Each structure stands twice: as C-alpha cells, then as structure tokens.
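S.K.: The structure under discussion is supplied below as structure tokens; questions concerning it will follow.
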Amino acid sequence: MPARLATIRLSRRTIAFISAALVVITTVTIPTLVVGANAVGRGPSGVALLPAAQAPSQVAAVANKRVGARDSMTVAASKAAVRHQRAVMQAEMLARTTTSKATLDMRGIEPSLYRGEFFDPASEEVRKCIVKRESEGQYDVRGGGGNNYFGAYQMSDALGDGATHMMLKEHKSILGAKQAKELMAELRDTPVNQWPRYWQDAAFSTVYNWEGPGSGASHWAGGRWYC
C-alpha cells in the first residue's frame, strides 16, 4: 500500500456511515435562491445551489437591472412633469399678457408690465415720459398726423408690425413657439391701440432697446417736449 494512503485507516463501520451520509446529501434538495432565476428569485424545481455558488457579479447585475428600470421610469415621469409644468406656466403667461385685469387696463401711466429681455430699468423714467407726451397714458388712443398713430406710444402700423417680428423669438420661449407665432400674427391684424397694455409695453421696450439701451430712441425723437 502506498505510504500516503497507509496513514488513513478506516473501519468498515466508518466507511458504511460515510457512504450512507453521501447518499443522503446527494438526494436531499437544499433550498436556496438562484439569482435571476425568476420573478421572485427562486430557482427552477429540482435545482439546488449552495449559497457560495451565487456569484457576486450576478447579484450586482440583477440589482443594477432593477435599479435601471426604476430610474428609467423616474426619468420618464420627470420629463412628463417638466412638460406639464411648462404648459402650465405658458398658459399662465398667455393669460397674464392678454386677459388679465392689469393688461386690459388701458388708462394710466404705470410701471411697464413687460419686464423681459429688452426691458431696461434705467430707461423706465424715459419710457413714462414718452407715454405722458405721446398719449397722456391712454393706451387705446388714436391720433397723430391723419390719425395714423396708435396707442400709448403712438406707433405707426409699420412700426407695430415690425415690433411683432422682433418680439417673436423671445416670446417663443415664454409662450411656446406655436402660440407665439399665432399671437404675433393676431397682433399684426389688430391696430396697436387695441393691443393689451403688456404688448404695447413689450413692443416699445423691444424697439427702443433692440441693439442696446436707447438704440431705437430715434422713433420717439420728436414731440411736445424732449424725454
């Protein structure tokens, strides 16, 4: 007998016990979880894996897949929420500029309702001076030579039409592209003295400050006094 086997001498009883134990081990299914086997993580019937057989990489892969699915749903929900919030804000801005009490108030020299990209706080007193000189704060007035000038700022039809094109880009981001285009077209078909206060204020500031503060002042250079 080789020396390496001679050191282990087992009795017949011991051998019989070990054999019986091996039979039991090989015939009993050990309950365990098989990663990724099915929806609840339990292995197929009759399959037994020792806990050590569950590779960490498999666990991580399944966890990442589940987290990824949850995150993708979260991103989709977030995008929908953003779209809804944008639509709400655009609707509120449309109402504020076209139907609110403030914008439909056509009399009085008030702070500009428009406070957008071309509004210049430093020019506000000049703007009020021009409104006083041109219309005494009457946004619905028509006058000038041949009654061809309209609104608080006494704009001609041509200047009003030009202002709608100048205002379009900014208001696409405020109202949405489709709504802004439709509204600008509607303003062009309407005399300036029938535009709500917001749009007359916006038209003035956009033209007056188009290329920088006061760059369009020449449109209001004349009048009963200098502003």
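So you can find residues: chains in the structure tokens are A, B, ... in the order shown, residues in each start at 1, and ligands are numbered from 1 in order.
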Using DSSP secondary structure from the backbone, list all strand (DSSP E) positions within region 61-219 of chain A, as a list in words.
M.R.: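 The strand (DSSP E) residues within region 61-219 of chain A come out as Arg142, Gly143, Tyr149 and Phe150 of chain A.
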S.K.: For CA of Gln90 (chain A) and CA of Gln138 (chain A), determine how far apart the two atoms are, in Å to one decimal place.
M.R.: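 Taking CA of Gln90 (chain A) and CA of Gln138 (chain A), their separation equals 28.3 Å.
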S.K.: Rounded to one decimal, what separation in Å do you get between CA of Phe118 (chain A) and CA of Val192 (chain A)?
M.R.: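 These two atoms are separated by 19.1 Å.
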S.K.: Just how far from CA of Val207 (chain A) is CA of Leu159 (chain A), in Å to one decimal?
M.R.: 8.6 Å
S.K.: So which residues touch region 210-212 of chain A within 9 Å, counting only C-alpha atoms, skipping near sequence neighbours fewer than 4 positions away, as a PyMOL selection string?
M.R.: chain A and resi 118+166+205-206+216
S.K.: Using only C-alpha atoms, determine which residues lie at most 9 Å from Arg107 (chain A), disregarding the query and same-chain residues fewer than 2 positions distant; provide the list as a list in words.
M.R.: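 Contacts, in chain order: Asp105, Ile109, Glu110, Glu136, Gly137, Gln138, Tyr139, Asp140, Ala152 and Arg197 of chain A.
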S.K.: Just want the 9 Å neighbourhood of Trp195 (chain A), counted on only C-alpha atoms, with same-chain residues fewer than 3 positions away dropped. Output as number ranges by chain.
M.R.: A: 98, 104, 139-140, 151, 187, 190-192, 198-200
S.K.: May I ask which of the residues A:Asp189, A:Gly144, A:Pro196, A:Lys132 is the closest one to Ser100 (chain A), counting only C-alpha atoms?
M.R.: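 That would be A:Pro196, the residue with the smallest distance to Ser100 (chain A).
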S.K.: Residues near Gly143 (chain A), anyone? I mean within 10 Å using only C-alpha atoms, not counting same-chain ones fewer than 3 positions away, as a PDB file with N, CA and C atoms, in the first residue's frame.
M.R.:
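Once written, part28.pdb looks like this:
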```pdb
ATOM      1  N   GLU A 134     -46.838 111.364 -25.499  1.00  0.00           N
ATOM      2  CA  GLU A 134     -47.499 110.851 -26.696  1.00  0.00           C
ATOM      3  C   GLU A 134     -49.001 110.630 -26.520  1.00  0.00           C
ATOM      4  N   SER A 135     -49.420 110.226 -25.304  1.00  0.00           N
ATOM      5  CA  SER A 135     -50.831 109.814 -25.192  1.00  0.00           C
ATOM      6  C   SER A 135     -51.493 110.154 -23.869  1.00  0.00           C
ATOM      7  N   GLY A 146     -53.075 112.620 -39.466  1.00  0.00           N
ATOM      8  CA  GLY A 146     -54.019 111.777 -40.180  1.00  0.00           C
ATOM      9  C   GLY A 146     -54.567 110.629 -39.351  1.00  0.00           C
ATOM     10  N   ASN A 147     -54.452 110.746 -38.044  1.00  0.00           N
ATOM     11  CA  ASN A 147     -54.904 109.664 -37.146  1.00  0.00           C
ATOM     12  C   ASN A 147     -54.249 108.322 -37.489  1.00  0.00           C
ATOM     13  N   ASN A 148     -52.977 108.388 -37.868  1.00  0.00           N
ATOM     14  CA  ASN A 148     -52.271 107.177 -38.282  1.00  0.00           C
ATOM     15  C   ASN A 148     -51.274 106.672 -37.244  1.00  0.00           C
ATOM     16  N   TYR A 149     -51.415 107.126 -36.017  1.00  0.00           N
ATOM     17  CA  TYR A 149     -50.531 106.674 -34.940  1.00  0.00           C
ATOM     18  C   TYR A 149     -51.388 106.155 -33.790  1.00  0.00           C
ATOM     19  N   PHE A 150     -50.920 105.079 -33.174  1.00  0.00           N
ATOM     20  CA  PHE A 150     -51.801 104.310 -32.301  1.00  0.00           C
ATOM     21  C   PHE A 150     -51.185 104.011 -30.942  1.00  0.00           C
ATOM     22  N   GLY A 151     -52.049 104.048 -29.934  1.00  0.00           N
ATOM     23  CA  GLY A 151     -51.687 103.551 -28.614  1.00  0.00           C
ATOM     24  C   GLY A 151     -50.876 104.499 -27.766  1.00  0.00           C
ATOM     25  N   GLN A 154     -47.920 105.870 -29.563  1.00  0.00           N
ATOM     26  CA  GLN A 154     -48.211 106.440 -30.881  1.00  0.00           C
ATOM     27  C   GLN A 154     -47.346 105.809 -31.976  1.00  0.00           C
ATOM     28  N   MET A 155     -47.483 104.510 -32.099  1.00  0.00           N
ATOM     29  CA  MET A 155     -46.767 103.768 -33.132  1.00  0.00           C
ATOM     30  C   MET A 155     -47.565 103.774 -34.436  1.00  0.00           C
ATOM     31  N   ASN A 193     -53.501 100.351 -30.971  1.00  0.00           N
ATOM     32  CA  ASN A 193     -54.227 100.895 -29.820  1.00  0.00           C
ATOM     33  C   ASN A 193     -55.271  99.926 -29.252  1.00  0.00           C
TER      34      ASN A 193
END
```
